[in-house]
>>> print(open('input39.txt').read())   # compact mmCIF, C-alpha atoms and all ligand atoms
# COMPACT_ATOMS: atom_id res chain seq x y z
CA MET A 1 16.97 -3.56 -6.80
CA SER A 2 16.42 0.17 -7.22
CA ILE A 3 16.66 2.19 -10.39
CA ILE A 4 19.71 4.37 -10.29
CA ILE A 5 19.60 7.02 -12.96
CA PRO A 6 23.00 8.59 -13.44
CA ILE A 7 22.74 12.37 -13.59
CA ARG A 8 25.39 14.98 -13.24
CA ASN A 9 25.10 16.97 -10.04
CA ASP A 10 25.46 20.75 -9.81
CA LEU A 11 29.21 20.53 -9.45
CA GLY A 12 29.45 18.57 -12.64
CA ALA A 13 31.29 15.85 -10.74
CA GLN A 14 30.27 12.21 -10.11
CA PRO A 15 26.89 10.76 -11.19
CA SER A 16 24.38 10.68 -8.31
CA ARG A 17 20.89 9.32 -7.60
CA LEU A 18 18.01 11.18 -9.24
CA LYS A 19 16.09 13.07 -6.55
CA VAL A 20 12.36 13.71 -6.52
CA PRO A 21 12.13 17.46 -7.07
CA ALA A 22 12.14 19.76 -4.06
CA GLY A 23 8.84 19.61 -2.17
CA ALA A 24 8.49 15.86 -2.71
CA THR A 25 10.65 14.85 0.25
CA LEU A 26 9.05 12.58 2.82
CA THR A 27 9.59 13.74 6.38
CA SER A 28 8.46 10.39 7.84
CA LEU A 29 7.98 6.93 6.36
CA PRO A 30 4.51 5.32 6.33
CA PRO A 31 3.61 2.05 8.09
CA LEU A 32 5.10 -0.99 6.40
CA SER A 33 3.21 -4.22 5.59
CA VAL A 34 4.44 -7.43 3.98
CA TYR A 35 2.58 -9.42 1.31
CA VAL A 36 3.64 -13.00 0.56
CA HIS A 37 2.26 -14.65 -2.60
CA VAL A 38 1.66 -18.41 -2.75
CA PRO A 39 0.96 -19.08 -6.43
CA TRP A 40 -0.66 -22.53 -6.53
CA CYS A 41 -4.28 -23.72 -6.47
CA VAL A 42 -5.83 -27.18 -6.71
CA ARG A 43 -7.58 -26.06 -9.90
CA LYS A 44 -7.88 -22.76 -11.75
CA CYS A 45 -11.33 -21.15 -11.36
CA PRO A 46 -12.78 -20.03 -14.73
CA TYR A 47 -13.28 -16.40 -13.64
CA CYS A 48 -9.91 -15.86 -11.94
CA ASP A 49 -7.05 -13.80 -13.37
CA PHE A 50 -4.88 -13.85 -10.25
CA ASN A 51 -1.33 -15.15 -10.60
CA SER A 52 -2.43 -18.64 -9.64
CA HIS A 53 -1.51 -21.94 -11.25
CA ALA A 54 -3.10 -25.37 -10.97
CA ALA A 55 -0.62 -27.49 -9.03
CA ALA A 56 0.22 -30.73 -10.77
CA GLY A 57 0.28 -32.93 -7.66
CA GLU A 58 2.18 -31.71 -4.59
CA ILE A 59 3.31 -28.09 -4.52
CA PRO A 60 7.12 -27.65 -4.50
CA GLU A 61 7.05 -26.41 -0.90
CA ARG A 62 10.75 -26.87 -0.10
CA ALA A 63 11.93 -25.03 -3.22
CA TYR A 64 9.32 -22.31 -2.62
CA LEU A 65 10.38 -21.66 0.98
CA ASP A 66 14.07 -21.57 0.02
CA ALA A 67 13.34 -19.06 -2.74
CA LEU A 68 11.18 -17.00 -0.40
CA ARG A 69 14.02 -16.81 2.14
CA SER A 70 16.35 -15.67 -0.62
CA ASP A 71 13.82 -13.08 -1.87
CA LEU A 72 13.33 -11.77 1.68
CA GLU A 73 17.04 -11.58 2.48
CA GLN A 74 17.74 -9.65 -0.71
CA ALA A 75 14.95 -7.17 0.15
CA LEU A 76 16.14 -6.45 3.69
CA PRO A 77 18.44 -3.51 2.86
CA SER A 78 15.46 -1.56 1.48
CA ILE A 79 13.45 -1.85 4.72
CA TRP A 80 16.24 -1.87 7.27
CA GLY A 81 15.12 -0.92 10.78
CA ARG A 82 11.45 -0.48 9.88
CA GLN A 83 8.63 -2.05 11.87
CA VAL A 84 6.17 -4.33 10.06
CA VAL A 85 2.56 -3.74 11.09
CA SER A 86 0.84 -6.52 9.13
CA VAL A 87 1.48 -9.59 7.02
CA PHE A 88 -0.87 -10.98 4.36
CA ILE A 89 -0.23 -14.44 2.93
CA GLY A 90 -2.32 -14.51 -0.22
CA GLY A 91 -2.67 -16.47 -3.40
CA GLY A 92 -3.37 -18.64 -5.07
CA THR A 93 -4.20 -20.92 -2.20
CA PRO A 94 -1.86 -20.48 0.79
CA SER A 95 -3.78 -23.21 2.64
CA LEU A 96 -1.99 -25.69 0.35
CA LEU A 97 1.07 -25.12 2.55
CA SER A 98 1.69 -27.79 5.17
CA SER A 99 1.56 -26.82 8.86
CA ALA A 100 5.35 -27.15 9.05
CA GLY A 101 5.78 -25.10 5.86
CA LEU A 102 3.65 -22.22 7.13
CA ASP A 103 5.42 -22.38 10.50
CA GLU A 104 8.78 -22.08 8.73
CA LEU A 105 7.49 -19.17 6.65
CA LEU A 106 6.33 -17.19 9.68
CA ALA A 107 9.48 -18.04 11.66
CA MET A 108 11.52 -16.72 8.73
CA LEU A 109 9.57 -13.46 8.68
CA ARG A 110 9.90 -13.08 12.45
CA ALA A 111 13.64 -13.75 12.38
CA CYS A 112 14.38 -11.29 9.58
CA LEU A 113 11.84 -8.55 10.19
CA ASN A 114 10.97 -6.26 13.03
CA LEU A 115 7.43 -7.60 13.29
CA TRP A 116 5.11 -5.74 15.69
CA PRO A 117 4.09 -7.98 18.59
CA ASP A 118 0.40 -7.48 17.75
CA ALA A 119 0.83 -7.48 13.97
CA GLU A 120 -2.22 -8.66 12.01
CA ILE A 121 -1.22 -11.85 10.19
CA THR A 122 -3.81 -12.88 7.61
CA MET A 123 -3.78 -16.08 5.60
CA GLU A 124 -6.10 -16.83 2.68
CA ALA A 125 -7.66 -20.26 2.66
CA ASN A 126 -9.87 -22.19 0.27
CA PRO A 127 -12.64 -24.24 1.93
CA GLY A 128 -11.73 -27.12 -0.38
CA THR A 129 -8.36 -27.40 1.37
CA ALA A 130 -9.53 -26.79 4.94
CA GLU A 131 -8.74 -29.17 7.79
CA ALA A 132 -9.43 -28.36 11.44
CA GLY A 133 -6.03 -29.63 12.60
CA ARG A 134 -4.16 -27.57 10.04
CA PHE A 135 -6.15 -24.40 10.82
CA ARG A 136 -5.23 -24.87 14.51
CA ASP A 137 -1.58 -25.37 13.55
CA TYR A 138 -1.55 -22.25 11.36
CA ALA A 139 -3.00 -20.28 14.30
CA ALA A 140 -0.41 -21.74 16.70
CA SER A 141 2.30 -20.58 14.29
CA GLY A 142 1.01 -17.01 14.49
CA VAL A 143 -1.84 -16.55 11.98
CA THR A 144 -4.35 -14.17 13.61
CA ARG A 145 -6.86 -13.87 10.77
CA PHE A 146 -8.19 -16.17 8.05
CA SER A 147 -9.69 -14.94 4.81
CA LEU A 148 -11.87 -17.67 3.33
CA GLY A 149 -12.84 -17.84 -0.35
CA ILE A 150 -16.52 -18.74 0.10
CA GLN A 151 -18.02 -16.97 -2.97
CA SER A 152 -21.56 -18.36 -2.47
CA PHE A 153 -23.54 -20.82 -0.34
CA ASP A 154 -25.50 -22.03 -3.35
CA ASP A 155 -24.20 -25.41 -4.54
CA ALA A 156 -25.38 -24.83 -8.11
CA GLN A 157 -23.47 -21.51 -8.20
CA LEU A 158 -20.35 -23.06 -6.73
CA LYS A 159 -20.44 -25.63 -9.54
CA LYS A 160 -20.85 -22.96 -12.22
CA LEU A 161 -17.94 -21.04 -10.68
CA GLY A 162 -15.77 -24.13 -10.92
CA ARG A 163 -15.09 -24.15 -7.18
CA ILE A 164 -13.49 -27.24 -5.65
CA HIS A 165 -15.84 -27.21 -2.63
CA ASP A 166 -19.57 -27.28 -1.93
CA SER A 167 -21.55 -25.18 0.54
CA ALA A 168 -21.27 -27.80 3.31
CA GLN A 169 -17.49 -27.59 3.09
CA ALA A 170 -17.70 -23.80 3.08
CA ARG A 171 -19.77 -23.87 6.28
CA ALA A 172 -17.41 -26.34 7.94
CA ALA A 173 -14.40 -24.17 6.97
CA ILE A 174 -15.99 -21.06 8.51
CA GLU A 175 -16.61 -22.90 11.78
CA MET A 176 -13.06 -24.30 11.83
CA ALA A 177 -11.56 -20.89 11.10
CA GLN A 178 -13.69 -19.12 13.71
CA ARG A 179 -12.64 -21.66 16.33
CA ALA A 180 -8.95 -21.28 15.43
CA VAL A 181 -8.48 -17.49 15.28
CA PRO A 182 -10.20 -14.34 16.57
CA ARG A 183 -10.64 -12.74 13.13
CA VAL A 184 -12.21 -14.25 10.00
CA ASN A 185 -13.06 -12.63 6.66
CA LEU A 186 -15.38 -14.20 4.10
CA ASP A 187 -14.83 -13.49 0.40
CA MET A 188 -18.18 -13.49 -1.40
CA MET A 189 -19.14 -12.66 -4.98
CA PHE A 190 -22.44 -11.38 -6.41
CA ALA A 191 -23.97 -10.80 -9.86
CA LEU A 192 -23.39 -14.50 -10.49
CA PRO A 193 -24.76 -16.39 -13.52
CA GLY A 194 -28.55 -16.65 -13.27
CA GLN A 195 -28.57 -15.06 -9.80
CA THR A 196 -31.74 -13.19 -8.81
CA LEU A 197 -31.90 -10.29 -6.36
CA ASP A 198 -33.55 -12.54 -3.77
CA ALA A 199 -30.97 -15.28 -4.21
CA CYS A 200 -28.17 -12.75 -3.78
CA VAL A 201 -29.61 -11.37 -0.55
CA ALA A 202 -30.27 -14.91 0.73
CA ASP A 203 -26.63 -15.80 0.05
CA LEU A 204 -25.36 -12.85 2.07
CA ARG A 205 -27.81 -13.61 4.90
CA GLN A 206 -26.17 -16.99 5.22
CA ALA A 207 -22.77 -15.35 5.51
CA VAL A 208 -24.06 -12.99 8.19
CA ALA A 209 -25.60 -15.88 10.16
CA PHE A 210 -22.11 -17.02 11.17
CA GLY A 211 -21.64 -13.81 13.16
CA THR A 212 -19.14 -12.75 10.49
CA GLU A 213 -17.18 -9.65 11.49
CA HIS A 214 -15.68 -8.91 8.05
CA LEU A 215 -16.89 -9.48 4.50
CA SER A 216 -15.27 -8.78 1.16
CA LEU A 217 -17.94 -8.63 -1.49
CA TYR A 218 -16.97 -8.56 -5.16
CA HIS A 219 -19.08 -8.04 -8.26
CA LEU A 220 -18.17 -10.98 -10.55
CA THR A 221 -16.18 -9.47 -13.41
CA MET A 222 -15.16 -11.00 -16.72
CA GLU A 223 -11.40 -10.67 -16.71
CA PRO A 224 -9.36 -10.95 -19.92
CA ASN A 225 -7.52 -14.25 -20.42
CA THR A 226 -9.90 -16.27 -18.26
CA VAL A 227 -12.19 -19.10 -19.33
CA PHE A 228 -15.22 -16.88 -18.58
CA ALA A 229 -13.86 -14.14 -20.88
CA LYS A 230 -13.72 -16.69 -23.71
CA PHE A 231 -16.99 -18.45 -22.86
CA PRO A 232 -19.03 -15.90 -20.87
CA PRO A 233 -21.97 -17.29 -18.92
CA GLU A 234 -25.13 -16.33 -20.85
CA ASP A 235 -27.36 -15.49 -17.92
CA LEU A 236 -25.36 -12.81 -16.09
CA PRO A 237 -27.54 -10.23 -14.32
CA ASP A 238 -27.83 -6.91 -16.17
CA ASP A 239 -26.39 -3.66 -14.77
CA ASP A 240 -29.67 -2.53 -13.18
CA THR A 241 -30.10 -5.84 -11.39
CA SER A 242 -26.53 -5.91 -10.14
CA ALA A 243 -26.85 -2.29 -8.92
CA ALA A 244 -30.02 -3.28 -7.07
CA MET A 245 -28.14 -6.25 -5.57
CA GLN A 246 -25.36 -3.97 -4.35
CA ASP A 247 -27.87 -1.63 -2.66
CA ALA A 248 -29.93 -4.43 -1.12
CA VAL A 249 -26.87 -6.21 0.21
CA GLU A 250 -25.38 -3.04 1.63
CA ALA A 251 -28.60 -2.37 3.55
CA GLU A 252 -28.82 -6.00 4.71
CA LEU A 253 -25.23 -5.97 5.96
CA ALA A 254 -25.63 -2.58 7.64
CA ALA A 255 -28.64 -3.93 9.54
CA ALA A 256 -26.40 -6.77 10.75
CA GLY A 257 -23.78 -4.26 11.97
CA LEU A 258 -21.42 -4.70 9.03
CA ALA A 259 -20.73 -1.21 7.67
CA ARG A 260 -19.35 -0.73 4.19
CA TYR A 261 -16.00 1.04 4.72
CA GLU A 262 -14.38 0.48 1.32
CA VAL A 263 -15.72 -0.24 -2.17
CA SER A 264 -15.75 -4.02 -1.53
CA ALA A 265 -15.21 -4.28 2.25
CA TYR A 266 -17.70 -4.46 5.14
CA ALA A 267 -16.84 -4.75 8.83
CA LYS A 268 -18.20 -4.65 12.32
CA PRO A 269 -16.69 -1.93 14.54
CA GLY A 270 -13.02 -2.65 15.23
CA ALA A 271 -12.85 -5.44 12.64
CA ARG A 272 -11.48 -3.56 9.62
CA CYS A 273 -8.58 -5.23 7.86
CA ARG A 274 -5.45 -3.37 9.00
CA HIS A 275 -3.39 -4.76 6.12
CA ASN A 276 -5.74 -3.58 3.40
CA LEU A 277 -6.29 -0.25 5.17
CA ASN A 278 -2.55 0.31 4.87
CA TYR A 279 -2.79 -0.13 1.06
CA TRP A 280 -5.71 2.27 0.80
CA GLU A 281 -4.03 4.82 3.06
CA PHE A 282 -1.03 4.72 0.69
CA GLY A 283 1.21 2.95 3.19
CA ASP A 284 4.20 0.86 2.18
CA TYR A 285 4.32 -2.84 1.45
CA LEU A 286 7.04 -5.27 0.58
CA GLY A 287 5.76 -7.89 -1.87
CA LEU A 288 7.50 -11.27 -1.76
CA GLY A 289 6.92 -14.28 -3.99
CA PRO A 290 6.04 -14.69 -7.68
CA GLY A 291 4.24 -11.73 -9.23
CA ALA A 292 4.08 -9.86 -5.91
CA HIS A 293 3.95 -6.08 -6.14
CA GLY A 294 5.50 -3.71 -3.64
CA LYS A 295 5.61 -0.02 -2.83
CA LEU A 296 8.48 1.28 -0.75
CA SER A 297 9.11 4.84 0.36
CA PHE A 298 12.45 6.41 1.09
CA HIS A 299 13.08 9.94 2.24
CA ASP A 300 13.78 11.11 -1.32
CA ARG A 301 11.75 8.75 -3.51
CA ILE A 302 8.95 6.18 -3.77
CA LEU A 303 9.60 2.92 -5.60
CA ARG A 304 7.22 0.40 -7.10
CA GLU A 305 8.46 -3.14 -7.58
CA ALA A 306 7.12 -6.32 -9.19
CA ARG A 307 8.56 -9.84 -8.92
CA LEU A 308 8.71 -12.25 -11.89
CA ARG A 309 5.27 -13.83 -12.31
CA GLY A 310 6.11 -17.43 -13.19
CA PRO A 311 6.58 -19.57 -10.06
CA GLU A 312 9.45 -21.54 -11.62
CA SER A 313 11.26 -18.52 -13.07
CA TRP A 314 10.83 -16.57 -9.81
CA MET A 315 12.21 -19.49 -7.77
CA GLN A 316 15.23 -19.90 -10.04
CA ALA A 317 15.97 -16.19 -10.21
CA ALA A 318 15.52 -15.66 -6.45
CA MET A 319 18.02 -18.46 -5.77
CA ALA A 320 20.53 -16.83 -8.13
CA ARG A 321 20.69 -13.90 -5.69
CA ASP A 322 21.50 -11.41 -8.42
CA GLY A 323 18.31 -9.33 -8.36
CA SER A 324 16.97 -11.02 -11.51
CA HIS A 325 13.77 -12.08 -9.66
CA ILE A 326 12.70 -8.42 -9.75
CA ALA A 327 10.85 -7.90 -13.04
CA GLU A 328 10.36 -4.20 -12.49
CA SER A 329 11.56 -1.54 -10.11
CA ARG A 330 10.79 2.06 -10.86
CA GLN A 331 10.58 5.36 -9.16
CA VAL A 332 7.07 6.82 -9.09
CA GLY A 333 7.32 10.28 -10.62
CA PRO A 334 5.89 13.24 -8.67
CA ASP A 335 3.41 13.76 -11.50
CA GLU A 336 2.03 10.23 -10.96
CA LEU A 337 1.71 10.47 -7.17
CA PRO A 338 -1.57 12.44 -6.89
CA PHE A 339 -3.47 9.88 -8.99
CA GLU A 340 -1.88 6.92 -7.24
CA PHE A 341 -2.72 8.41 -3.84
CA MET A 342 -6.32 9.27 -4.77
CA LEU A 343 -6.89 5.93 -6.51
CA ASN A 344 -6.43 4.29 -3.12
CA ALA A 345 -7.65 6.88 -0.61
CA LEU A 346 -10.97 7.59 -2.31
CA ARG A 347 -11.90 3.89 -2.17
CA LEU A 348 -12.40 4.43 1.56
CA LYS A 349 -15.88 5.61 2.47
CA ASP A 350 -14.45 7.99 5.08
CA GLY A 351 -11.54 8.97 2.87
CA VAL A 352 -8.35 10.05 4.61
CA ALA A 353 -7.13 13.09 6.55
CA ALA A 354 -6.07 15.85 4.15
CA THR A 355 -2.66 15.94 5.89
CA ALA A 356 -2.01 12.36 4.71
CA PHE A 357 -1.49 13.62 1.15
CA HIS A 358 1.70 15.49 2.05
CA GLU A 359 2.82 12.86 4.57
CA ARG A 360 2.57 10.01 2.04
CA THR A 361 3.53 11.68 -1.25
CA GLY A 362 5.87 14.45 -0.08
CA LEU A 363 3.89 16.84 -2.30
CA SER A 364 2.06 19.89 -1.07
CA LEU A 365 -1.73 19.76 -1.19
CA ALA A 366 -1.47 22.96 -3.23
CA ALA A 367 -0.18 20.77 -6.09
CA ILE A 368 -3.73 19.43 -6.56
CA ALA A 369 -5.70 22.47 -5.38
CA HIS A 370 -7.12 22.98 -8.86
CA GLN A 371 -8.40 19.38 -9.16
CA LEU A 372 -9.76 19.42 -5.59
CA GLU A 373 -11.73 22.53 -6.31
CA ALA A 374 -13.09 21.19 -9.61
CA ALA A 375 -14.14 17.88 -7.97
CA SER A 376 -15.80 19.71 -5.12
CA ARG A 377 -17.63 22.01 -7.55
CA ARG A 378 -19.00 18.97 -9.40
CA GLY A 379 -20.28 17.57 -6.09
CA LEU A 380 -17.91 14.59 -6.23
CA LEU A 381 -15.64 15.53 -3.35
CA ASP A 382 -16.62 16.48 0.21
CA ALA A 383 -16.21 20.18 0.97
CA ASP A 384 -14.64 19.43 4.40
CA PRO A 385 -11.10 20.82 4.00
CA THR A 386 -9.67 18.52 6.68
CA ARG A 387 -10.54 15.34 4.76
CA LEU A 388 -10.14 13.94 1.27
CA ARG A 389 -13.39 12.04 0.89
CA ALA A 390 -15.78 11.28 -1.94
CA THR A 391 -19.38 12.41 -1.59
CA PRO A 392 -22.04 9.70 -2.14
CA LEU A 393 -22.20 10.95 -5.77
CA GLY A 394 -18.42 10.80 -6.09
CA TRP A 395 -18.43 7.25 -4.76
CA ARG A 396 -20.98 6.26 -7.36
CA PHE A 397 -18.82 7.70 -10.11
CA LEU A 398 -15.53 6.82 -8.48
CA ASN A 399 -13.61 6.25 -11.71
CA ASP A 400 -14.52 9.73 -12.96
CA LEU A 401 -13.46 11.26 -9.66
CA GLN A 402 -10.15 9.37 -9.52
CA GLU A 403 -9.36 10.25 -13.13
CA MET A 404 -9.55 13.95 -12.28
CA PHE A 405 -6.20 13.46 -10.52
CA LEU A 406 -4.48 11.81 -13.48
C1 LIG A 501 -7.00 -14.85 -4.22
S1 LIG A 501 -8.68 -15.16 -4.12
C2 LIG A 501 -9.01 -15.82 -2.46
C3 LIG A 501 -8.48 -17.11 -1.88
C4 LIG A 501 -8.62 -18.41 -2.59
N1 LIG A 501 -7.79 -18.37 -3.75
C5 LIG A 501 -10.02 -18.80 -2.98
O1 LIG A 501 -10.45 -18.40 -4.02
O2 LIG A 501 -10.63 -19.50 -2.19
C6 LIG A 501 -9.35 -13.57 -3.82
C7 LIG A 501 -10.81 -13.35 -4.08
O3 LIG A 501 -11.00 -12.53 -5.23
C8 LIG A 501 -12.31 -12.72 -5.71
N2 LIG A 501 -12.26 -12.80 -7.18
C9 LIG A 501 -11.36 -13.46 -7.93
N3 LIG A 501 -11.64 -13.30 -9.25
C10 LIG A 501 -12.75 -12.50 -9.33
C11 LIG A 501 -13.54 -11.98 -10.41
N4 LIG A 501 -13.27 -12.23 -11.68
N5 LIG A 501 -14.60 -11.20 -10.09
C12 LIG A 501 -14.89 -10.92 -8.82
N6 LIG A 501 -14.18 -11.38 -7.76
C13 LIG A 501 -13.12 -12.18 -8.01
C14 LIG A 501 -12.86 -13.98 -5.07
O4 LIG A 501 -13.86 -13.64 -4.16
C15 LIG A 501 -11.65 -14.55 -4.36
O5 LIG A 501 -12.00 -15.20 -3.17
S1 LIG A 502 -8.87 -20.75 -5.82
FE1 LIG A 502 -8.78 -18.48 -5.66
S2 LIG A 502 -6.79 -17.84 -6.54
FE2 LIG A 502 -7.17 -20.02 -7.10
S3 LIG A 502 -8.02 -19.91 -9.13
FE3 LIG A 502 -9.77 -19.94 -7.69
S4 LIG A 502 -10.22 -17.77 -7.18
FE4 LIG A 502 -8.22 -17.84 -8.21
>>> encode(input="input39.txt", output="structure tokens", more="lines below")
Ligand SMILES: C[S@@+](CC[C@H](N)C(=O)[O-])C[C@H]1O[C@@H](n2cnc3c(N)ncnc32)[C@H](O)[C@@H]1O
Ligand code: SF4
Amino acid sequence: MSIIIPIRNDLGAQPSRLKVPAGATLTSLPPLSVYVHVPWCVRKCPYCDFNSHAAAGEIPERAYLDALRSDLEQALPSIWGRQVVSVFIGGGTPSLLSSAGLDELLAMLRACLNLWPDAEITMEANPGTAEAGRFRDYAASGVTRFSLGIQSFDDAQLKKLGRIHDSAQARAAIEMAQRAVPRVNLDMMFALPGQTLDACVADLRQAVAFGTEHLSLYHLTMEPNTVFAKFPPEDLPDDDTSAAMQDAVEAELAAAGLARYEVSAYAKPGARCRHNLNYWEFGDYLGLGPGAHGKLSFHDRILREARLRGPESWMQAAMARDGSHIAESRQVGPDELPFEFMLNALRLKDGVAATAFHERTGLSLAAIAHQLEAASRRGLLDADPTRLRATPLGWRFLNDLQEMFL
């Protein structure tokens, strides 16, 4: 569903679509990715504010797949003819899907979309739901990359974090995943309750010991509306300690060949996540499933979409086939584009080519010349005119730098 704003055209005749003002026309469309949200988990973790819901018993897989097909079919006109470079099946806990269910999901995507033959197809999995046979089946169906929610190898931490698995299960899941597919990411968290600097580094060393090629490392945050926000752990590391952890871990990972390439992402050469890179490079993505967000470019406008968040309401609305499963669809105004672009691009350590700004927003770089100059003067932005890249200082004060483009 797109927002059609009736305006009178110059001839004063029929209403027509509102156009982004001259200069904001896209001459080519960016790469397109697809995100599929699976909203159920075995249990809700106390720190998590993702759109994930504890499944009471079996997940309603049949109803979910039918609704997903309906959601996808209704979205096709907005991406007609475009190639899909990557798919990310995230959650929630996608590894709650049966082998047959995941096979049907990927077959559906392949049948309806122009999926690149070597598209990266990532699936998130929770070690508490891992089975070797199922991982092999997922891979046989087309999954090329697993992203495992490990968080820590310390059993006491895993308990405090309310995880459904222990470290032995986490280790077994890594080995299963690495045997099944060529690419595996480990999600880890730091600044955990009672965690010392040494314990944090030891945790990451264990992750590295698996020959891990990609790590996502998140500072544990207290998100509103979570159990931890209401009952915060008392022994969280202070800011100085968590900053020291970040530095120590970055050095440790670099020594193991895992370079930090984004605020929370580390990879060996050639192992960067193509799907996430497309987000950060301000590419397009179709978001399917409850609560999924999307960004879609057209030659004359850029739309942001969000699906209904509730699994039941999304399923019902998607089956009604009347567009009511779309909670929000709005055109991003040209005045919002510079901030949106910079919010993503500056998260990348190497930034992006300066030409990408015009390619992805349709705006001339001159539109932000003033802000670029001010950021560069404050030492936050690299002086290289061919790239938009934060300096080490700018990366440390990333929020301040990004806000300069608001
Ligand atoms: C959707 S979950 C990953 C897959 C799966 N649901 C799991 O947890 O095993 C994405 C990741 O976000 C991170 N995360 C979630 N809530 C967080 C928080 N409050 N602070 C820091 N990282 C968080 C965790 O590392 C988690 O693995
Ligand atoms: S398993 Fe993952 S998505 Fe589910 S509640 Fe825990 S962190 Fe959130």
>>> residues_near_ligand(input="input39.txt", ligand="ligand LIG 501 (chain A)", cutoff="9 Å", atoms="only C-alpha atoms and all ligand atoms", output="compact mmCIF listing (two decimals) with C-alpha atoms, keeping the file's coordinate frame")
# COMPACT_ATOMS: atom_id res chain seq x y z
CA TRP A 40 -0.66 -22.53 -6.53
CA CYS A 41 -4.28 -23.72 -6.47
CA CYS A 45 -11.33 -21.15 -11.36
CA PRO A 46 -12.78 -20.03 -14.73
CA TYR A 47 -13.28 -16.40 -13.64
CA CYS A 48 -9.91 -15.86 -11.94
CA ASP A 49 -7.05 -13.80 -13.37
CA PHE A 50 -4.88 -13.85 -10.25
CA ASN A 51 -1.33 -15.15 -10.60
CA SER A 52 -2.43 -18.64 -9.64
CA GLY A 90 -2.32 -14.51 -0.22
CA GLY A 91 -2.67 -16.47 -3.40
CA GLY A 92 -3.37 -18.64 -5.07
CA THR A 93 -4.20 -20.92 -2.20
CA PRO A 94 -1.86 -20.48 0.79
CA SER A 95 -3.78 -23.21 2.64
CA MET A 123 -3.78 -16.08 5.60
CA GLU A 124 -6.10 -16.83 2.68
CA ALA A 125 -7.66 -20.26 2.66
CA ASN A 126 -9.87 -22.19 0.27
CA PRO A 127 -12.64 -24.24 1.93
CA GLY A 128 -11.73 -27.12 -0.38
CA THR A 129 -8.36 -27.40 1.37
CA SER A 147 -9.69 -14.94 4.81
CA LEU A 148 -11.87 -17.67 3.33
CA GLY A 149 -12.84 -17.84 -0.35
CA ILE A 150 -16.52 -18.74 0.10
CA GLN A 151 -18.02 -16.97 -2.97
CA ARG A 163 -15.09 -24.15 -7.18
CA ILE A 164 -13.49 -27.24 -5.65
CA LEU A 186 -15.38 -14.20 4.10
CA ASP A 187 -14.83 -13.49 0.40
CA MET A 188 -18.18 -13.49 -1.40
CA MET A 189 -19.14 -12.66 -4.98
CA PHE A 190 -22.44 -11.38 -6.41
CA SER A 216 -15.27 -8.78 1.16
CA LEU A 217 -17.94 -8.63 -1.49
CA TYR A 218 -16.97 -8.56 -5.16
CA HIS A 219 -19.08 -8.04 -8.26
CA LEU A 220 -18.17 -10.98 -10.55
CA THR A 221 -16.18 -9.47 -13.41
CA MET A 222 -15.16 -11.00 -16.72
CA GLU A 223 -11.40 -10.67 -16.71
CA THR A 226 -9.90 -16.27 -18.26
CA PHE A 228 -15.22 -16.88 -18.58
>>> closest_residue(input="input39.txt", among="A:Leu192, A:Leu197, A:Ala119, A:Leu286", to="Tyr35 of chain A", atoms="all atoms listed in the file")
A:Leu286
>>> residues_around(input="input39.txt", residues="Ser141 of chain A", least_positions_apart="3", cutoff="9 Å", atoms="all atoms listed in the file", output="list of chain:residue names")
A:Ser99, A:Ala100, A:Leu102, A:Asp103, A:Glu104, A:Leu106, A:Ala107, A:Arg136, A:Asp137, A:Tyr138
>>> write_last_selection(input="input39.txt", atoms="C-alpha atoms", output="mmCIF file, in the frame of the given file")
data_model
loop_
_atom_site.group_PDB
_atom_site.id
_atom_site.type_symbol
_atom_site.label_atom_id
_atom_site.label_comp_id
_atom_site.auth_asym_id
_atom_site.auth_seq_id
_atom_site.Cartn_x
_atom_site.Cartn_y
_atom_site.Cartn_z
ATOM 1 C CA SER A 99 1.560 -26.820 8.860
ATOM 2 C CA ALA A 100 5.350 -27.150 9.050
ATOM 3 C CA LEU A 102 3.650 -22.220 7.130
ATOM 4 C CA ASP A 103 5.420 -22.380 10.500
ATOM 5 C CA GLU A 104 8.780 -22.080 8.730
ATOM 6 C CA LEU A 106 6.330 -17.190 9.680
ATOM 7 C CA ALA A 107 9.480 -18.040 11.660
ATOM 8 C CA ARG A 136 -5.230 -24.870 14.510
ATOM 9 C CA ASP A 137 -1.580 -25.370 13.550
ATOM 10 C CA TYR A 138 -1.550 -22.250 11.360
#
>>> atom_distance(input="input39.txt", atom1="atom CA of Leu277 of chain A", atom2="atom CA of Gly294 of chain A")
15.1 Å
>>> residues_around(input="input39.txt", residues="segment 64-75 of chain A", least_positions_apart="4", cutoff="8 Å", atoms="only C-alpha atoms", output="list in words")
Pro60, Ile79, Gly101, Glu104, Leu105, Met108, Cys112, Leu288, Gly289, Trp314, Met315, Gln316, Ala318, Met319, Arg321, Gly323 and His325 of chain A
>>> build_atoms(input="input39.txt", residues="segment 312-316 of chain A", atoms="N, CA and C atoms", output="tab-separated table (two decimals), in the coordinates of the input")
chain	number	residue	atom	x	y	z
A	312	GLU	N	8.15	-20.90	-11.38
A	312	GLU	CA	9.45	-21.54	-11.62
A	312	GLU	C	10.53	-20.50	-11.88
A	313	SER	N	10.22	-19.51	-12.74
A	313	SER	CA	11.26	-18.52	-13.07
A	313	SER	C	11.58	-17.67	-11.85
A	314	TRP	N	10.55	-17.34	-11.03
A	314	TRP	CA	10.83	-16.57	-9.81
A	314	TRP	C	11.73	-17.38	-8.86
A	315	MET	N	11.42	-18.68	-8.71
A	315	MET	CA	12.21	-19.49	-7.77
A	315	MET	C	13.67	-19.56	-8.22
A	316	GLN	N	13.86	-19.81	-9.52
A	316	GLN	CA	15.23	-19.90	-10.04
A	316	GLN	C	15.98	-18.58	-9.87
